[in-house]
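> Sharing a structure below in structure tokens format, with a few things to ask.
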Amino acid sequence: MEDYIKSFFQELNERINKVSWKEIAKATKILQSTYENDGRVFLIGNGGSASIASHFANDLNKTVFGYKGEKKVKRFQAISLVDNTSALTSWANDVGFEAIFSEQLKNFAQEKDILIVVSSSGNSPNIIKAAEIAQSLHVPIISLVGFDGGKLLPLSDAKIHVPSSKYGIVESAHEVICHLITTYFEELL
Amino acid sequence: MIITKTPLRMSFVGGGTDFEDFYRQYPGRVLSTTINKYFYIGLNPRFDGLIKASYSQIETVGHRNEIQHPLIKAALEDAGIEKGIDIVSLADIPAQKTGLGLGASSTFTVGLLNGLYSFAGKHIPVDVLAEKACQIEINKAKSPIGKQDQYAVAFGGLNTITFNCDGKIDVEPIYLTPKLSEEFQKHLLLFFTGKERSAGTILSKQKENINKKFESLKQMSDMVPIFKTCLEKGDFQKMGELLHQNWLMKKELASGITNLRIDEMYNLALKFGAWGGKILGAGGGGFLLIMAPPENQGRIKEALKEYQLMPFRFSETGSKIIFKD
């Protein structure tokens with residue numbers, strides 16, 4: 001059992017160490033610029049990645065500014081697009097599942113905003129559709145991907161790629177990176 | 001209605017190596033950052049088809065060919081807009097006829113061009129935006145300037161900008177931890193010398209002197225990677241000393257870069273514990289940047305209390321469309 005546990009930790013460690021630090025740094029610069037311009041941060045993902053998107057939105061909105069929100073500075077405006085059941089089910093039911101994020105982006109996105117996409121495969125049709133809409137609106141994209149990065153990677157401005165084909169490893173690494181970025185802004189702002 | 005927001009910039013080392021006459025012979029390098037002082041450009045269609053451009057003057061004309069302001073005229077041409085637009089600008093630090101050393105004319109050009117392309121329904125990638133702004137300022141408006149400002153403010157952030165001999169320009173971000181960035185900013189003071197200067201005259205002389213001062217410019221370019229290494233190590237004293245060396249060389253590039261008042265301010269700062277500094281931009285006036293350990297800054301501020309101190313923060317923002325209706 002000990003070996004089993006250790007080997008998971010070791011694999012996670014190996015894979016996370018292969019992530020380009022420059023791409024993470026680039027993501028922080030894009031986020032900081034958005035903050036300075038009062039732009040909004042939209043987050044999307046499916047399944048486990050949906051919960052990472054939702055969690056990260058909350059960390060940007062709250063954790064960055066202290067446990068009780070005590071830091072009296074301008075705050076991030078992060079909006080998770082995975083949490084509105086009415087929006088998700090209506091677009092899915094009436095148009096199709098691939099439209100659930102792209103159509104919400106059309107409501108909100110402006111040039112000063114950014115999109116954070118969490119997707120292990122980088123190939124889900126609803127994710128790619130949203131990324132294409134973001135691109136057409138000149139909204140920069142930060143992607144957190146796994147596997148080979150999929151179709152999402154070339155559409156992204158900051159490419160945070162965890163090179164592993166195991167969902168557990170990729171999603172765990174994504175959570176760690178989101179916490180790293182949260183900590184960075186806790187110190188910076 | 002479109003509003004663009006474009007930052008002003010502060011360059012630390014390497015200024016002057018961004019002239020084509022220099023970097024075609026030896027790679028030019030500049031290390032600079034954008035700061036949280038901005039230029040806002042507002043653009044709106046006009047129902048009467050005229051062009052109204054409001055800056056320190058107001059021009060109302062029927063066609064862009066009648067516009068007097070060379071940058072506005074060239075930017076309208078580049079974006080393919082002939083008439084029917086209102087153009088206004090607002091700045092956090094308004095300059096009069098001449099600049100302040102914060103790259104304001106390029107900030108204006110980049111912000112205007114960014115907005116005009118959007119107005120014309122076109123999108124312009126950031127590197128193209130920077131290069132087009134250079135073409136407008138240098139080739140069309142014949143300003144005797146280099147290319148560092150347009151790239152610095154189009155991209156935004158703390159960067160090393162390299163001007164390669166083949167004309168290619170690379171913007172490489174410098175990534176600092178929050179703590180290091182904070183420490184760096186705590187070592188900097190910015191004073192307004194109280195005198196606006198004619199950047200054009202000094203820069204024309206500086207441009208003519210490029211071959212005479214070639215060795216100095218080479219050294220100034222080579223100082224950039226050293227300054228960057230010191231920054232990444234948090235060796236602020238060494239950075240201050242490099243700024244000092246850079247200033248000694250910069251002063252010699254053309255007459256008028258410094259003057260009695262600037263020398264007096266600079267020497268006072270050094271006397272009260274600064275490590276170095278420089279006049280930002282062309283020189284002859286504008287803003288004086290001082291690098292000093294935080295414990296000595298009280299005395300320096302006291303010694304220079306007749307000059308306005310400008311608080312600022314580094315900014316990551318490049319030129320951006322912040323409103324589009």
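Naming scheme: A, B, ... for chains in displayed order of the structure tokens; residues 1 onward per chain; ligands 1 onward as shown.
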Would you pick out the contacts of Tyr184 in chain A at 9 Å or less, using only C-alpha atoms, so that residues sharing its chain but fewer than 2 positions from it are not included, and give the list as a list in words?
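My reading of the contact set: Thr28, Val64, His179, Leu180, Ile181, Thr182, Glu186, Glu187, Leu188 and Leu189 of chain A; Thr177 and Pro178 of chain B.
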> Please identify all polymer residues within 9 Å of Met223 in chain B, counting only C-alpha atoms, omitting same-chain residues fewer than 5 positions from it, and present them as a compact mmCIF listing (two decimals) with C-alpha atoms, in the first residue's frame.

# COMPACT_ATOMS: atom_id res chain seq x y z
CA VAL B 13 18.76 51.10 -19.30
CA GLY B 14 19.53 50.94 -23.00
CA ARG B 29 18.40 46.49 -26.08
CA LYS B 218 27.21 49.50 -27.48
CA LYS B 228 18.30 42.11 -15.76
CA LEU B 242 24.46 50.58 -13.42
CA ASN B 246 24.11 54.56 -17.91
> Can you work out which residues from chain B touch chain A at a cut-off of 9 Å (counting only C-alpha atoms) and hand them back as a CSV table (one decimal) with C-alpha atoms, in the first residue's frame?

chain,number,residue,atom,x,y,z
B,5,LYS,CA,-6.4,52.8,-22.5
B,36,ASN,CA,-0.1,52.9,-13.8
B,123,HIS,CA,-8.6,43.8,-35.3
B,156,GLY,CA,2.8,46.4,-21.5
B,157,GLY,CA,4.6,45.1,-18.5
B,173,PRO,CA,8.8,39.6,-20.4
B,175,TYR,CA,8.9,37.6,-14.5
B,176,LEU,CA,9.4,38.7,-10.9
B,177,THR,CA,7.9,37.3,-7.7
B,178,PRO,CA,5.5,39.6,-6.0
B,179,LYS,CA,8.1,40.2,-3.3
B,181,SER,CA,8.6,43.4,-7.7
B,182,GLU,CA,7.5,45.2,-4.6
B,315,SER,CA,1.6,48.0,-14.6
B,316,GLU,CA,1.1,44.9,-16.7
B,317,THR,CA,-1.4,46.5,-19.0
B,318,GLY,CA,-0.6,47.0,-22.7
B,320,LYS,CA,-6.4,47.8,-24.5
B,321,ILE,CA,-9.9,48.6,-25.8
B,322,ILE,CA,-11.7,49.1,-22.4
B,323,PHE,CA,-15.0,50.2,-23.8
B,324,LYS,CA,-16.9,49.5,-27.0
> Give the answer as one residue: which of A:Ile52, A:Arg40, A:Val176, A:Phe108 has the shortest atom-to-atom distance to Arg75 in chain A, using only C-alpha atoms?
A:Arg40
> Per DSSP on the backbone, filter range 86-163 of chain B down to the residues in strand (DSSP E) and report them as an MDAnalysis selection string.
chainID B and resid 86:91 159:163
> What is the distance between CA of Thr109 in chain B and CA of Ser319 in chain B, in Å to one decimal?
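Atom-to-atom, CA of Thr109 in chain B to CA of Ser319 in chain B, that is 10.4 Å.
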> Which residues come within 12 Å of Leu105 in chain A, counting only C-alpha atoms, excluding same-chain residues fewer than 2 positions away, as a compact mmCIF listing (two decimals) with N, CA and C atoms, in the first residue's frame?

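Printed below is part23.txt as written:
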# COMPACT_ATOMS: atom_id res chain seq x y z
N ARG A 40 -13.29 41.18 -16.82
CA ARG A 40 -13.82 40.02 -16.09
C ARG A 40 -13.12 38.74 -16.53
N VAL A 41 -13.09 37.79 -15.60
CA VAL A 41 -12.43 36.51 -15.85
C VAL A 41 -13.52 35.44 -15.94
N PHE A 42 -13.74 34.89 -17.12
CA PHE A 42 -14.74 33.82 -17.27
C PHE A 42 -14.04 32.47 -17.20
N LEU A 43 -14.69 31.52 -16.53
CA LEU A 43 -14.07 30.21 -16.37
C LEU A 43 -15.03 29.11 -16.82
N ILE A 44 -14.48 28.13 -17.56
CA ILE A 44 -15.30 27.01 -18.00
C ILE A 44 -14.56 25.68 -17.89
N ILE A 79 -16.06 35.09 -13.04
CA ILE A 79 -17.41 34.55 -13.21
C ILE A 79 -17.30 33.13 -13.78
N SER A 80 -17.73 32.16 -12.98
CA SER A 80 -17.74 30.79 -13.45
C SER A 80 -18.99 30.58 -14.31
N LEU A 81 -18.79 30.07 -15.50
CA LEU A 81 -19.93 29.84 -16.40
C LEU A 81 -20.46 28.40 -16.27
N VAL A 82 -19.98 27.68 -15.25
CA VAL A 82 -20.43 26.28 -15.09
C VAL A 82 -21.51 26.14 -14.02
N ALA A 87 -29.09 28.41 -17.29
CA ALA A 87 -28.39 28.75 -18.53
C ALA A 87 -27.89 27.48 -19.22
N LEU A 88 -27.25 26.61 -18.44
CA LEU A 88 -26.65 25.41 -19.03
C LEU A 88 -27.71 24.52 -19.66
N ALA A 99 -23.09 24.26 -27.16
CA ALA A 99 -23.35 25.71 -27.10
C ALA A 99 -23.37 26.26 -25.67
N ILE A 100 -23.25 25.37 -24.65
CA ILE A 100 -23.53 25.82 -23.27
C ILE A 100 -22.60 26.93 -22.75
N PHE A 101 -21.36 26.94 -23.22
CA PHE A 101 -20.44 27.99 -22.75
C PHE A 101 -20.33 29.14 -23.76
N SER A 102 -20.26 28.78 -25.03
CA SER A 102 -20.07 29.82 -26.06
C SER A 102 -21.23 30.81 -26.04
N GLU A 103 -22.46 30.31 -25.84
CA GLU A 103 -23.60 31.23 -25.87
C GLU A 103 -23.61 32.14 -24.64
N ASN A 107 -23.17 36.59 -24.27
CA ASN A 107 -23.89 37.56 -23.43
C ASN A 107 -22.95 38.58 -22.80
N PHE A 108 -21.78 38.07 -22.37
CA PHE A 108 -20.96 38.88 -21.47
C PHE A 108 -19.65 39.43 -22.05
N ALA A 109 -18.97 38.64 -22.87
CA ALA A 109 -17.54 38.90 -23.12
C ALA A 109 -17.27 40.19 -23.89
N GLN A 110 -16.29 40.94 -23.39
CA GLN A 110 -15.78 42.13 -24.06
C GLN A 110 -14.26 42.00 -24.20
N GLU A 111 -13.68 42.89 -25.00
CA GLU A 111 -12.25 42.75 -25.30
C GLU A 111 -11.34 42.80 -24.09
N ASP A 113 -11.88 41.44 -21.26
CA ASP A 113 -12.08 40.25 -20.44
C ASP A 113 -11.14 39.13 -20.88
N ILE A 114 -11.09 38.08 -20.06
CA ILE A 114 -10.33 36.88 -20.47
C ILE A 114 -11.14 35.62 -20.18
N LEU A 115 -10.72 34.53 -20.81
CA LEU A 115 -11.38 33.24 -20.60
C LEU A 115 -10.35 32.24 -20.08
N ILE A 116 -10.69 31.58 -18.96
CA ILE A 116 -9.84 30.49 -18.47
C ILE A 116 -10.56 29.18 -18.76
N ASN A 126 -17.81 21.56 -26.62
CA ASN A 126 -18.32 22.80 -26.01
C ASN A 126 -17.19 23.73 -25.60
N ILE A 127 -16.04 23.15 -25.27
CA ILE A 127 -14.86 23.94 -24.89
C ILE A 127 -14.25 24.62 -26.12
N LYS A 129 -15.69 25.25 -28.95
CA LYS A 129 -16.64 26.25 -29.47
C LYS A 129 -16.49 27.56 -28.68
N ALA A 130 -16.41 27.45 -27.36
CA ALA A 130 -16.27 28.64 -26.51
C ALA A 130 -14.95 29.35 -26.81
N ALA A 131 -13.88 28.57 -26.99
CA ALA A 131 -12.57 29.17 -27.27
C ALA A 131 -12.60 29.91 -28.61
N GLU A 132 -13.29 29.33 -29.58
CA GLU A 132 -13.39 29.99 -30.89
C GLU A 132 -14.17 31.30 -30.80
N ILE A 133 -15.24 31.28 -30.01
CA ILE A 133 -16.01 32.52 -29.83
C ILE A 133 -15.15 33.56 -29.11
N ALA A 134 -14.41 33.13 -28.09
CA ALA A 134 -13.53 34.06 -27.36
C ALA A 134 -12.53 34.69 -28.33
N GLN A 135 -11.96 33.85 -29.17
CA GLN A 135 -10.98 34.35 -30.13
C GLN A 135 -11.60 35.38 -31.07
N SER A 136 -12.81 35.09 -31.52
CA SER A 136 -13.46 36.02 -32.46
C SER A 136 -13.79 37.35 -31.78
N LEU A 137 -13.93 37.31 -30.45
CA LEU A 137 -14.21 38.55 -29.70
C LEU A 137 -12.92 39.20 -29.19
N VAL A 139 -10.84 38.02 -27.05
CA VAL A 139 -10.70 37.76 -25.61
C VAL A 139 -9.55 36.75 -25.43
> Please determine, counting only C-alpha atoms, which residue among B:Phe214, B:Tyr151, B:Tyr307, B:Phe192 has the shortest atom-to-atom distance to Phe22 in chain B.
B:Phe214
